[in-house]
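Enquirer: Submitted below is the structure of interest, expressed as C-alpha cells.
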Amino acid sequence: MARFRIPLIIAIVLFISGLALTAALKDRHYMLLSLVLLLAALLPVFIRLERRPLESRELVLLAVLSAIAAVSRIPFAALPSVKPVSAIVILSAYVFGAEAGFIIGAVAALVSNIYFGQGPWTPWQMFAWGMVGLSAGWLRNAWWMKKRSGMLIFGFVWGFLFGWIMNIWYIISLPDASSWGLVAAAYASSFYFDLAHALSNVFFLAILAGGWTKVLERFRKKYGLLQE
Amino acid sequence: MSSGFRAMHPAVALLYYGGLMLFAALLFHPLFLVTEIAGLAGLLLLQGQGRQLLRGLPFYLLMAGSVAVLNPLFSHRGAHILFYFWDQPVTLEAVLYGLMMMLVLLTIFIIFISYNYTVTTDKFMYLFAAAAPKTALLTLMALRFVPLFQRRLRQITLIQRLRGIDAGQGSLRKRMQDGMTLLKVLLTWSLEEALQTGDSMKARGYGIRKRSTYSIFKLDRLDKGILLVLTVSGLIPLLGWLQGYGILEIYPRMKPMEFGGGEVVMYISFCLFVLTPLGLEGKEKWLWRSSRQSAYPSVIPEKSGTRSMSSHSQ
C-alpha cells in the first residue's frame, strides 16, 4: 500500500484536475477548478519544506509560532474579523523570511480551523495567511518595512487584501453574475469586516512590533535558526 | 464512542467525502444535490449529531441564501423575464440558477459538518503522514501546542497578577502594555522549551533516515469491500457526467429536465454511493437493538421461578 501511495496520489490529482478543467470549460462551473488551483498554489512551498534538510529545532520553531498564532485567535472568537493571526504571521515572516512566513500562516489557518470548524474556506484562509507571510518576508528588507509606520501600513493593507481574497470563493460560485456590479456589492458588504480586520492588525502590530521582533531576533541569533 | 461508519478505515471516509465533494461540484442537478443533502442529514441524525446540524444552520442558510438573492440581481441572462427591479430585468433562469447555487453551497456545508465529525484529526494525519511526513509532524505539533499554550497563558496571568501586571485592569495604555508582557512571557517560555524539545528529538536520531510511520488502522475485509463498492458506484455517475447526463441546463435558455435511461442508471448508482454509510450506521444500530435481549446470554445461569434470595431472607 505504502509503495503505491505517491503514484496513487499523482493519479488522483491528475484525475480531479482533469474533471475540474472539463467542468470549467463545459459548464462554466468554476468551483472545483478554483480549489484545484488553490491547492496547486499551496503545494510548492510545502514540497520545498519536505525536501530541504531541516533541523528539528527549526521544525519545532515553526510549530510554536503557528500554534501561538492559532491560540491568539481563540480569545477573540466572538468578534468577527478581529484576528491577531495576521500580525503574528507578519512579525514572524519579518524575522524568519518569506518561506517560513508562508508555512506559519498556512499551518496556523489549518490548525485554528480544527478548533473553529473546517469548511470550504479553509484552503482559502491557508492561502491568504500564507500570502501575508510570504509578502512580509519578501518585503522585509525594504526601507519602509523597517520603520514602525511602514509595517503598520502594511498590516492595514493586508487587512483589506485578506478580506478580498476570502470574497473570491463566494463570488466564483456565480459565474454569470460576475459583473463589476456583483464584485462591488460583495466588497462593499464586506467593507466593515475588512476595516475591522485592518484596524485590529494595526492595533496588534503596534502592541507587538518592538518586543516580539527583538525576542525572535535573539532566538534566531542564539540558536542559528533558519539562516539563509 | 465510535461505531458504524466512524469506525471504518480512514481511506473509506476520505473516498466517501472526496467523492461527495466532486459530485457537489460537478453534478448540477437538483435531484442529485437534494439526495446528497438528505443522505448526509440522515447520516448525521443516525450518528446523533442533529444538534450540531441545527447549530450551524442559520449561518449556512444566510450564506447560501444570499447567493440565491444576488444572482438574479446581477445576472440578466435568460429568456423568461419575470418582472423589472430598478429597471433591470429579473429572469426566471437567473432565479433558478441562484437557487441551484444555493443548493450546491448547502451541500458543501453539510459535507463539511459530517466530515468534521467523522474524519478526526488523527485519521487525517494518518492518511497524510506517509506522503508528507514533515508537514504532518509540524501540524501535529502545532495542534498539540494549542491547549498547552492556553494552559500556560492562564498560569502566566495568575503569576503576573501578583506583580500588578494584569491585562484586565487599569487604563487602556497599561492594559495593552500588560497584555504584551504576558504574550512575550508566553513566547519566550514556549520557544525556549520547544528548542529543548527539538534538541531532544535530534539526540534521539530524528532526521537520520526516512521517518517510519506507525499505522494504527488496518484494512479489513469489510473496509476493502466498502472501498470497492464506493469506487464502482462513484465512477458510474462520473462517467455519466462526462457523457453529458445529469446536468440541468439553465443558461442561456432553460431546458426541460430529461430523465431517461442514462439518468436512471446514474441516479441509482449515485444513491448507492451516498447511502452506503447510512446502511453501515443503520446496521450497527439494528444489531445493537436486537442484541440486547437474547443474542448474548449471560454466563451466570438465570434462576427461574421464585426469587430465591428474597424468599430466603424472609
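Residue names in the C-alpha cells use chain letters A, B, ... in the order shown, residue numbers from 1 in each chain, and ligand numbers from 1 in the order shown.
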Find the residues of chain A in contact range of chain B, meaning any atom within 6 Å when counting only C-alpha atoms, and list them as a VMD selection string.
Expert: chain A and resid 32 50 56 to 57 60 63 67 71 111 119 176 to 177
Enquirer: Taking only range 23-217 of chain A into account, list the residues labelled alpha helix (DSSP H) by DSSP (computed from the backbone), as an MDAnalysis selection string.
Expert: chainID A and resid 23:27 31:51 56:73 85:96 98:116 122:138 148:171 180:189 191:217
Enquirer: Work out how far CA of Leu208 in chain A is from CA of Lys221 in chain A, in Å to one decimal.
Expert: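 A separation of 19.6 Å between them.
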Enquirer: Find the spatial neighbours of Ala196 in chain A, counting only C-alpha atoms, within a cut-off of 9 Å - ignore same-chain residues fewer than 6 positions away - and output them as a list in words.
Expert: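 My list of contacting residues is Pro80, Ser81, Val82 and Gly159 of chain A.
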Enquirer: When DSSP is applied to the backbone of this structure, which of range 55-245 of chain B are assigned strand (DSSP E or B)? Write them out as a list in words.
Expert: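 Assigned to strand (DSSP E or B), within range 55-245 of chain B: Ile81, Leu82, Phe83, Tyr84, Phe85, Gln88, Pro89, Val90 and Thr91 of chain B.
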Enquirer: Create the file for the chosen residues now, containing N, CA, C and O atoms and written as an mmCIF file, in the first residue's frame.
Expert:
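The new file selection_13.cif reads:
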```cif
data_model
loop_
_atom_site.group_PDB
_atom_site.id
_atom_site.type_symbol
_atom_site.label_atom_id
_atom_site.label_comp_id
_atom_site.auth_asym_id
_atom_site.auth_seq_id
_atom_site.Cartn_x
_atom_site.Cartn_y
_atom_site.Cartn_z
ATOM 1 N N ILE B 81 -38.616 36.694 -18.691
ATOM 2 C CA ILE B 81 -38.488 37.813 -17.758
ATOM 3 C C ILE B 81 -39.679 37.791 -16.805
ATOM 4 O O ILE B 81 -40.830 37.744 -17.229
ATOM 5 N N LEU B 82 -39.367 37.777 -15.524
ATOM 6 C CA LEU B 82 -40.440 37.712 -14.527
ATOM 7 C C LEU B 82 -40.981 39.104 -14.227
ATOM 8 O O LEU B 82 -42.162 39.364 -14.321
ATOM 9 N N PHE B 83 -40.086 40.014 -13.850
ATOM 10 C CA PHE B 83 -40.509 41.384 -13.570
ATOM 11 C C PHE B 83 -39.276 42.276 -13.625
ATOM 12 O O PHE B 83 -38.158 41.795 -13.835
ATOM 13 N N TYR B 84 -39.518 43.563 -13.467
ATOM 14 C CA TYR B 84 -38.390 44.502 -13.504
ATOM 15 C C TYR B 84 -38.121 45.035 -12.114
ATOM 16 O O TYR B 84 -39.048 45.325 -11.364
ATOM 17 N N PHE B 85 -36.858 45.079 -11.785
ATOM 18 C CA PHE B 85 -36.459 45.574 -10.471
ATOM 19 C C PHE B 85 -35.446 46.668 -10.699
ATOM 20 O O PHE B 85 -34.359 46.411 -11.215
ATOM 21 N N GLN B 88 -34.146 46.807 -14.062
ATOM 22 C CA GLN B 88 -33.337 45.676 -14.521
ATOM 23 C C GLN B 88 -34.239 44.448 -14.614
ATOM 24 O O GLN B 88 -35.022 44.200 -13.698
ATOM 25 N N PRO B 89 -34.130 43.712 -15.698
ATOM 26 C CA PRO B 89 -34.979 42.522 -15.803
ATOM 27 C C PRO B 89 -34.525 41.425 -14.843
ATOM 28 O O PRO B 89 -33.342 41.168 -14.688
ATOM 29 N N VAL B 90 -35.477 40.809 -14.168
ATOM 30 C CA VAL B 90 -35.193 39.647 -13.324
ATOM 31 C C VAL B 90 -35.739 38.437 -14.070
ATOM 32 O O VAL B 90 -36.929 38.340 -14.310
ATOM 33 N N THR B 91 -34.832 37.547 -14.454
ATOM 34 C CA THR B 91 -35.288 36.435 -15.290
ATOM 35 C C THR B 91 -35.486 35.182 -14.457
ATOM 36 O O THR B 91 -34.848 34.996 -13.419
#
```
Enquirer: What is the distance, in Å and to one decimal place, between CA of Arg209 in chain B and CA of Arg48 in chain A?
Expert: 17.8 Å
Enquirer: Using Å and a single decimal, report how far CA of Met151 in chain A sits from CA of Trp212 in chain A.
Expert: 13.4 Å
Enquirer: Applying 10 Å and only C-alpha atoms, which residues near Gly261 in chain B remain after dropping the ones on its own chain fewer than 5 positions away? List them as a PyMOL selection string.
Expert: chain B and resi 245+266-267
Enquirer: Residues of the last selection are to be written out with all heavy atoms, as a PDB file, in the first residue's frame.
Expert:
```
ATOM      1  N   TYR B 245     -24.801  13.515 -19.052  1.00  0.00           N
ATOM      2  CA  TYR B 245     -26.042  13.301 -18.303  1.00  0.00           C
ATOM      3  C   TYR B 245     -25.974  14.045 -16.976  1.00  0.00           C
ATOM      4  O   TYR B 245     -24.905  14.407 -16.502  1.00  0.00           O
ATOM      5  CB  TYR B 245     -26.233  11.810 -17.998  1.00  0.00           C
ATOM      6  CG  TYR B 245     -26.446  10.950 -19.208  1.00  0.00           C
ATOM      7  CD1 TYR B 245     -25.533   9.969 -19.560  1.00  0.00           C
ATOM      8  CD2 TYR B 245     -27.577  11.115 -19.997  1.00  0.00           C
ATOM      9  CE1 TYR B 245     -25.723   9.169 -20.658  1.00  0.00           C
ATOM     10  CE2 TYR B 245     -27.782  10.322 -21.106  1.00  0.00           C
ATOM     11  CZ  TYR B 245     -26.844   9.343 -21.431  1.00  0.00           C
ATOM     12  OH  TYR B 245     -27.038   8.564 -22.519  1.00  0.00           O
ATOM     13  N   MET B 266     -27.520   6.303 -13.595  1.00  0.00           N
ATOM     14  CA  MET B 266     -26.640   7.190 -12.859  1.00  0.00           C
ATOM     15  C   MET B 266     -27.172   7.461 -11.465  1.00  0.00           C
ATOM     16  O   MET B 266     -26.437   7.435 -10.471  1.00  0.00           O
ATOM     17  CB  MET B 266     -26.600   8.510 -13.632  1.00  0.00           C
ATOM     18  CG  MET B 266     -25.270   9.118 -13.740  1.00  0.00           C
ATOM     19  SD  MET B 266     -25.454  10.520 -14.817  1.00  0.00           S
ATOM     20  CE  MET B 266     -24.781  11.739 -13.753  1.00  0.00           C
ATOM     21  N   TYR B 267     -28.465   7.718 -11.384  1.00  0.00           N
ATOM     22  CA  TYR B 267     -29.056   8.094 -10.105  1.00  0.00           C
ATOM     23  C   TYR B 267     -29.025   6.929  -9.133  1.00  0.00           C
ATOM     24  O   TYR B 267     -28.733   7.102  -7.950  1.00  0.00           O
ATOM     25  CB  TYR B 267     -30.492   8.584 -10.314  1.00  0.00           C
ATOM     26  CG  TYR B 267     -31.107   9.093  -9.045  1.00  0.00           C
ATOM     27  CD1 TYR B 267     -30.607  10.237  -8.449  1.00  0.00           C
ATOM     28  CD2 TYR B 267     -32.147   8.420  -8.427  1.00  0.00           C
ATOM     29  CE1 TYR B 267     -31.134  10.705  -7.265  1.00  0.00           C
ATOM     30  CE2 TYR B 267     -32.684   8.887  -7.243  1.00  0.00           C
ATOM     31  CZ  TYR B 267     -32.178  10.027  -6.665  1.00  0.00           C
ATOM     32  OH  TYR B 267     -32.691  10.485  -5.487  1.00  0.00           O
TER      33      TYR B 267
END
```
